[in-house]
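A.B. asks: Once you've had a glance at the structure underneath, I'll fire off some questions.
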Amino acid sequence: MTQKIVLALLLGCSFIAQAEQKIGLVDMQKAIQETSEGKKAKKELEGDFNKKKKDLEKSETDIKKLGEDLDKKALVLSDDVKQKKQQEIQMAMRKYQEAVAKSQMEIQKHERDLTQPIITKIRKIIEDIAKKDGLTVVLEKSEQLVLFSEKSIDLTERVIKDFDAKK
């Protein structure tokens with residue numbers, strides 16, 4: 001499998017060497033986060049996250065209080081009452097864990113809902129820039145994929161500027 005990928009890359013590189021190709025790079029994360037709409041979405045998500053975090057911290061504190069209360073009274077409580085209190089704490093913990101998972105999913109969905117229109121607009125801007133500048137391909141710049149590139153082919157700042165100018 002790896003050999004096929006290397007072969008494809010070598011063939012691609014030889015094709016690029018044979019024909020004059022123009023390449024551009026865009027750091028999509030940076031573009032999303034630095035556009036005016038991206039900043040607004042980030043602020044909204046942070047507010048949503050902080051509200052959910054506050055609610056979850058309150059639940060966590062309540063569970064800790066139940067546990068501490070049980071520990072303090074353990075010597076004077078009957079086995080039945082202790083068992084009921086432990087079950088109550090376990091139920092509260094399950095509800096808390098479910099609430100954490102639900103909150104995470106809601107935040108992820110909210111993030112997708114907020115960023116998808118931004119991504120769609122950014123892609124259109126990238127396409128317009130690529131056509132205007134005669135670029136053959138525009139790649140997403142990431143540290144894992146692009147180890148080095150000339151600053152001149154990085155279109156990120158231009159994309160952000162064009163995005164905000166279209167408002």
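Ordering of the structure tokens sets the chain letters (A, B, ...), residue numbers begin anew at 1 in every chain, and ligands are numbered from 1 in the order given.
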Among region 6-151 of chain A, which ones does DSSP place in helix (DSSP H, G or I), written as an NGL selection string?
C.D. replies: :A and (6-18 or 28-34 or 36-73 or 79-133 or 151)
A.B. asks: What is the distance between CA of Gly24 (chain A) and CA of Leu135 (chain A), in Å to one decimal?
C.D. replies: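 Between CA of Gly24 (chain A) and CA of Leu135 (chain A) the gap is 6.8 Å.
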A.B. asks: Rank nothing, just name the residue among A:Val146, A:Ala130, A:Ile160, A:Val100 nearest to Lys53 (chain A), using only C-alpha atoms.
C.D. replies: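 Among the listed residues, the smallest separation from Lys53 (chain A) belongs to A:Val100.
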A.B. asks: Which of these, A:Lys82, A:Lys22, A:Lys58, A:Lys95, has the shortest distance to Lys132 (chain A) once you count only C-alpha atoms?
C.D. replies: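 Looking only at the distances to Lys132 (chain A), the closest residue turns out to be A:Lys22.
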A.B. asks: As an NGL selection string, please: the residues near region 27-37 of chain A (cut-off 7 Å, only C-alpha atoms, same-chain neighbours under 4 positions excluded).
C.D. replies: :A and (41 or 118 or 140-142 or 156 or 159-160 or 163-164)
A.B. asks: Keeping only N, CA and C atoms, write the selected residues as an mmCIF file, in the first residue's frame.
C.D. replies:
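For reference, result-v2.cif as written:
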data_model
loop_
_atom_site.group_PDB
_atom_site.id
_atom_site.type_symbol
_atom_site.label_atom_id
_atom_site.label_comp_id
_atom_site.auth_asym_id
_atom_site.auth_seq_id
_atom_site.Cartn_x
_atom_site.Cartn_y
_atom_site.Cartn_z
ATOM 1 N N ALA A 41 -18.411 33.056 15.326
ATOM 2 C CA ALA A 41 -18.794 31.672 15.633
ATOM 3 C C ALA A 41 -18.014 31.154 16.838
ATOM 4 N N ILE A 118 -19.317 28.890 6.611
ATOM 5 C CA ILE A 118 -18.043 29.597 6.462
ATOM 6 C C ILE A 118 -17.139 28.817 5.510
ATOM 7 N N GLU A 140 -4.648 22.018 1.119
ATOM 8 C CA GLU A 140 -4.813 22.492 2.490
ATOM 9 C C GLU A 140 -3.471 22.391 3.191
ATOM 10 N N LYS A 141 -3.076 23.499 3.780
ATOM 11 C CA LYS A 141 -1.802 23.546 4.483
ATOM 12 C C LYS A 141 -2.000 23.024 5.896
ATOM 13 N N SER A 142 -1.224 22.022 6.235
ATOM 14 C CA SER A 142 -1.223 21.524 7.612
ATOM 15 C C SER A 142 0.186 21.050 7.929
ATOM 16 N N THR A 156 -3.646 31.967 2.425
ATOM 17 C CA THR A 156 -4.513 32.071 3.595
ATOM 18 C C THR A 156 -4.922 33.512 3.901
ATOM 19 N N VAL A 159 -7.282 34.857 1.332
ATOM 20 C CA VAL A 159 -8.621 34.269 1.472
ATOM 21 C C VAL A 159 -9.388 34.968 2.593
ATOM 22 N N ILE A 160 -8.730 35.182 3.725
ATOM 23 C CA ILE A 160 -9.370 35.855 4.862
ATOM 24 C C ILE A 160 -9.794 37.267 4.456
ATOM 25 N N PHE A 163 -12.684 37.133 2.027
ATOM 26 C CA PHE A 163 -13.882 36.688 2.738
ATOM 27 C C PHE A 163 -14.530 37.871 3.443
ATOM 28 N N ASP A 164 -13.736 38.580 4.225
ATOM 29 C CA ASP A 164 -14.267 39.701 4.993
ATOM 30 C C ASP A 164 -14.690 40.866 4.098
#
A.B. asks: With only C-alpha atoms as the basis for distance, which of A:Lys84, A:Lys121, A:Arg94, A:Lys54 is at the shortest distance from Gly38 (chain A)?
C.D. replies: A:Lys121
A.B. asks: Work out how far apart CA of Gln90 (chain A) and CA of Ala74 (chain A) are and give it in Å to one decimal.
C.D. replies: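 Computing the Euclidean distance for CA of Gln90 (chain A) and CA of Ala74 (chain A) yields 16.1 Å.
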A.B. asks: Within 9 Å of Leu45 (chain A), counting only C-alpha atoms, which residues qualify if same-chain residues fewer than 5 places away don't, as a ChimeraX atom specification?
C.D. replies: /A:40,50,107,110-111,114
A.B. asks: Include N, CA and C atoms and write out the residues we just selected as a tab-separated table (two decimals), in the first residue's frame.
C.D. replies:
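For reference, result-v3.tsv as written:
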chain	number	residue	atom	x	y	z
A	40	LYS	N	-16.84	35.38	15.18
A	40	LYS	CA	-18.18	35.44	15.78
A	40	LYS	C	-18.63	34.04	16.20
A	50	ASN	N	-19.03	27.47	27.83
A	50	ASN	CA	-18.90	27.93	29.22
A	50	ASN	C	-20.19	27.73	30.00
A	107	ILE	N	-22.21	20.48	21.35
A	107	ILE	CA	-21.22	21.50	21.01
A	107	ILE	C	-20.59	21.18	19.65
A	110	HIS	N	-23.16	22.01	17.03
A	110	HIS	CA	-23.26	23.46	16.92
A	110	HIS	C	-22.06	24.03	16.15
A	111	GLU	N	-20.87	23.50	16.45
A	111	GLU	CA	-19.66	23.95	15.74
A	111	GLU	C	-19.78	23.64	14.25
A	114	LEU	N	-22.22	26.03	12.63
A	114	LEU	CA	-21.69	27.38	12.49
A	114	LEU	C	-20.58	27.48	11.44
A.B. asks: Would you compute the distance between CA of Met93 (chain A) and CA of Glu68 (chain A)? Give it in Å to one decimal.
C.D. replies: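 CA of Glu68 (chain A) lies 14.1 Å from CA of Met93 (chain A).
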